[in-house]
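What follows is the content of start38.cif (mmCIF, C-alpha atoms).
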```
data_run
loop_
_atom_site.label_atom_id
_atom_site.label_comp_id
_atom_site.auth_asym_id
_atom_site.auth_seq_id
_atom_site.Cartn_x
_atom_site.Cartn_y
_atom_site.Cartn_z
CA MET D 1 53.16 19.53 106.28
CA ILE D 2 52.46 23.27 105.98
CA ILE D 3 50.14 24.42 103.21
CA VAL D 4 50.40 28.03 102.07
CA PRO D 5 46.93 29.32 101.17
CA ARG D 6 46.47 31.20 97.95
CA MET D 7 47.06 34.87 98.55
CA SER D 8 44.13 36.97 97.49
CA PHE D 9 45.84 40.24 96.67
CA ALA D 10 44.14 41.78 93.69
CA PHE D 11 46.08 44.67 92.27
CA PRO D 12 43.81 47.60 93.05
CA GLU D 13 42.67 49.79 90.23
CA THR D 14 45.37 52.35 90.10
CA ALA D 15 46.45 54.63 87.38
CA SER D 16 48.23 57.89 86.98
CA GLU D 17 47.81 60.86 84.72
CA PRO D 18 50.75 61.95 82.55
CA PHE D 19 53.23 64.29 84.16
CA ASN D 20 56.08 66.11 82.47
CA TYR D 21 58.99 66.86 84.77
CA THR D 22 60.01 69.89 82.69
CA GLN D 23 57.21 71.75 84.51
CA ILE D 24 59.07 71.62 87.83
CA LEU D 25 62.75 70.80 87.18
CA LYS D 26 64.28 74.09 86.11
CA ALA D 27 67.85 73.83 87.50
CA THR D 28 69.75 72.58 84.46
CA ASP D 29 72.93 72.07 86.48
CA LEU D 30 71.15 69.44 88.62
CA PHE D 31 68.66 68.26 86.02
CA PRO D 32 69.98 68.43 82.43
CA PRO D 33 67.19 68.63 79.83
CA GLU D 34 67.93 65.15 78.43
CA TYR D 35 67.72 63.69 81.96
CA VAL D 36 64.38 65.40 82.57
CA ARG D 37 63.06 64.01 79.27
CA GLU D 38 64.25 60.49 80.15
CA ALA D 39 62.61 60.71 83.59
CA SER D 40 59.33 61.84 82.02
CA VAL D 41 59.48 59.01 79.46
CA ALA D 42 60.22 56.42 82.18
CA ARG D 43 57.28 57.69 84.24
CA GLN D 44 54.96 57.62 81.23
CA LYS D 45 56.02 54.04 80.40
CA MET D 46 55.24 53.02 83.99
CA CYS D 47 51.81 54.69 83.76
CA ASP D 48 51.02 53.02 80.43
CA THR D 49 52.04 49.63 81.82
CA LEU D 50 49.96 50.20 84.98
CA HIS D 51 46.95 50.67 82.73
CA ALA D 52 47.63 47.84 80.26
CA GLN D 53 49.34 45.13 82.35
CA PRO D 54 48.83 45.79 86.07
CA THR D 55 50.02 42.35 87.25
CA SER D 56 52.93 41.64 84.94
CA LEU D 57 56.69 41.49 84.92
CA ALA D 58 56.54 44.37 82.44
CA LEU D 59 55.07 46.57 85.18
CA LEU D 60 57.73 45.46 87.62
CA GLU D 61 60.43 46.31 85.09
CA SER D 62 58.91 49.69 84.24
CA VAL D 63 58.64 50.68 87.91
CA GLU D 64 62.22 49.54 88.51
CA ALA D 65 63.35 51.62 85.51
CA TYR D 66 61.56 54.71 86.84
CA LEU D 67 62.61 54.45 90.50
CA PRO D 68 66.26 55.57 90.03
CA TYR D 69 65.05 58.74 88.29
CA LEU D 70 62.57 59.41 91.07
CA GLN D 71 65.19 58.78 93.77
CA TYR D 72 67.64 61.18 92.14
CA ILE D 73 64.98 63.84 91.71
CA LEU D 74 63.85 63.49 95.33
CA ALA D 75 67.43 63.68 96.59
CA HIS D 76 68.30 66.82 94.62
CA TYR D 77 65.02 68.70 94.27
CA GLU D 78 65.07 69.81 97.88
CA GLU D 79 68.61 71.17 97.45
CA GLN D 80 67.23 73.84 95.12
CA PRO D 81 66.42 77.29 96.50
CA ARG D 82 62.91 77.44 97.98
CA GLU D 83 61.58 79.70 95.19
CA GLN D 84 62.53 77.04 92.61
CA GLN D 85 60.67 74.29 94.48
CA VAL D 86 57.24 75.77 93.82
CA PHE D 87 54.94 73.72 91.60
CA PRO D 88 53.19 75.83 88.93
CA ARG D 89 49.47 76.35 89.50
CA GLY D 90 47.51 73.23 88.58
CA CYS D 91 50.66 71.11 88.31
CA LYS D 92 50.05 67.97 90.37
CA PHE D 93 50.88 64.30 90.37
CA GLN D 94 47.58 62.51 89.77
CA TRP D 95 47.04 58.95 90.99
CA ARG D 96 43.88 56.89 91.26
CA SER D 97 43.35 56.29 94.95
CA SER D 98 44.02 52.58 95.38
CA LEU D 99 43.55 52.79 99.15
CA SER D 100 40.07 54.32 99.16
CA LYS D 101 36.85 52.36 99.05
CA GLY D 102 35.64 54.35 96.06
CA ILE D 103 32.38 56.07 95.24
CA ARG D 104 29.30 54.98 93.32
CA ILE D 105 29.09 56.93 90.06
CA SER D 106 25.29 57.23 90.28
CA LEU D 107 22.43 56.17 92.54
CA THR D 108 21.40 53.32 90.25
CA ALA D 109 24.87 52.18 89.16
CA THR D 110 26.64 49.22 90.68
CA VAL D 111 30.00 50.45 89.42
CA ILE D 112 32.24 51.93 92.08
CA GLU D 113 34.87 54.34 90.86
CA LYS D 114 37.95 55.28 92.78
CA PRO D 115 38.75 58.97 92.59
CA MET D 116 41.83 60.53 91.05
CA VAL D 117 43.75 62.39 93.72
CA GLY D 118 46.22 65.09 92.77
CA VAL D 119 48.89 66.48 95.06
CA ALA D 120 51.70 68.88 94.24
CA SER D 121 54.41 66.92 96.02
CA LEU D 122 57.26 64.68 94.93
CA TRP D 123 56.75 62.67 98.11
CA TYR D 124 53.20 61.86 97.02
CA GLU D 125 54.60 60.59 93.73
CA ALA D 126 57.17 58.47 95.58
CA ILE D 127 54.60 56.97 97.94
CA TYR D 128 52.20 55.96 95.17
CA THR D 129 54.99 54.62 92.98
CA LEU D 130 56.23 52.44 95.84
CA LEU D 131 52.68 51.35 96.60
CA ALA D 132 52.19 50.29 92.97
CA TYR D 133 55.53 48.44 93.16
CA ALA D 134 54.48 46.61 96.34
CA TYR D 135 51.11 45.56 94.90
CA CYS D 136 52.82 44.32 91.75
CA LEU D 137 55.31 42.24 93.77
CA ALA D 138 52.49 40.80 95.89
CA ASN D 139 50.48 39.83 92.82
CA LEU D 140 53.46 38.26 91.08
CA ALA D 141 54.26 36.28 94.23
CA SER D 142 50.64 35.17 94.48
CA LYS D 143 50.66 33.99 90.87
CA LYS D 144 53.97 32.17 91.39
CA VAL D 145 52.94 30.35 94.55
CA GLY D 146 49.52 29.45 93.17
CA GLY D 147 46.61 27.84 94.94
CA GLY D 148 48.37 26.09 97.78
CA VAL D 149 51.90 24.82 97.70
CA SER D 150 53.34 22.49 100.29
CA LEU D 151 56.37 24.22 101.75
CA GLN D 152 57.97 20.85 102.47
CA SER D 153 57.68 19.68 98.88
CA ALA D 154 58.46 23.01 97.21
CA SER D 155 62.11 23.67 96.62
CA GLU D 156 63.55 27.10 97.22
CA ALA D 157 64.55 27.31 93.55
CA SER D 158 60.97 26.68 92.37
CA LEU D 159 59.63 29.51 94.56
CA SER D 160 62.37 32.02 93.79
CA ASP D 161 62.20 31.96 89.97
#
```

Representation of the structure as structure tokens:
Amino acid sequence: MIIVPRMSFAFPETASEPFNYTQILKATDLFPPEYVREASVARQKMCDTLHAQPTSLALLESVEAYLPYLQYILAHYEEQPREQQVFPRGCKFQWRSSLSKGIRISLTATVIEKPMVGVASLWYEAIYTLLAYAYCLANLASKKVGGGVSLQSASEASLSD
């Protein structure tokens, strides 16, 4: 009998600052204004859910709702002329660094804070969105499998719900 140990993935503290795509998506033939608004709203919903419910199906659904917008933007943004691909000064995607160890906020504090990292790149946004998606899937799988399930006694249906 094979026992699967409880997975110990804890969704790292991650968060993102609001970002409005109207700052960078100027080509209305590729990105109609209503599409840009919808993409910004989908991203904001994902960010709000990351903050409020980091290990929930709601997060999974919000990331999955945002990903098609991000994929379309990535696919078509680079087709724009080079001068239209420039991010305005100070315009960056901001994510809390879930991969860093973090820094102590003071010499006497025991609280370790992970820094916000901002990069003016759509690829940075894509990488961190996919990372958040992967951590969410890992946590949901860990919750589903629980604290040790016998693979011989567990049916495929009970593990795939």

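CA of Glu113 (chain D) sits 9.4 Å away from CA of Arg96 (chain D).
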
Build an axis-aligned box that encloses every atom of region 24-39 of chain D listed in the file, pad it by 4 Å on each side, and report its centre and edge lengths in Å to one decimal, as JSON.
```
{"center_x": 66.0, "center_y": 67.3, "center_z": 83.5, "size_x": 21.9, "size_y": 21.6, "size_z": 18.2}
```

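For the atom pair formed by CA of Lys144 (chain D) and CA of Ser98 (chain D), the distance is 23.1 Å, given to one decimal.
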
## Note on the structure
The distance between CA of Trp95 (chain D) and CA of Tyr128 (chain D) is 7.3 Å

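When only C-alpha atoms are used to measure the gap to Val63 (chain D), the shortest distance among D:Thr28, D:Leu130, D:Glu34, D:Thr110 belongs to D:Leu130.
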
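The closest residue to Glu61 (chain D), picked from D:Arg104, D:Cys136, D:Gly90, D:Lys26 and counting only C-alpha atoms, is D:Cys136.
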
### Message
Using only C-alpha atoms for the distances, tell me which of D:Leu25, D:Val119, D:Ala39, D:Leu140 is nearest to Leu70 (chain D).
### Response
D:Ala39

#### Entry: Explicit residues for the PyMOL selection byres ((chain D and resi 134) around 12) (as a VMD selection string)
chain D and resid 9 to 12 54 to 55 59 to 60 63 to 64 127 to 133 135 to 141

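Note on the selection: in this file the PyMOL selection byres ((chain D and resi 123) around 12) comes out as Leu70, Gln71, Ile73, Leu74, Ala75, Tyr77, Glu78, Lys92, Phe93, Val119, Ala120, Ser121, Leu122, Tyr124, Glu125, Ala126, Ile127, Tyr128, Thr129 and Leu130 of chain D.
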
### Task
Would you write out, as a ChimeraX atom specification, every residue that the PyMOL selection byres ((chain D and resi 48) around 12) captures in this file?
/D:14-18,41-47,49-54,58-59,62-63

#### Entry: Residues within 7 Å of (36.0, 55.6, 97.1), counting all atoms listed in the file, listed as an MDAnalysis selection string
chainID D and resid 100:103 113:115

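Near Thr22 (chain D), within a cut-off of 10 Å and counting all atoms listed in the file, sit the residues Phe31, Pro33, Tyr35, Val36, Arg37, Ala39 and Ser40 of chain D, with same-chain residues fewer than 6 positions away left out.
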
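The closest residue to Ser97 (chain D), picked from D:Tyr66, D:Ile24, D:Pro32, D:Gly118 and counting all atoms listed in the file, is D:Gly118.
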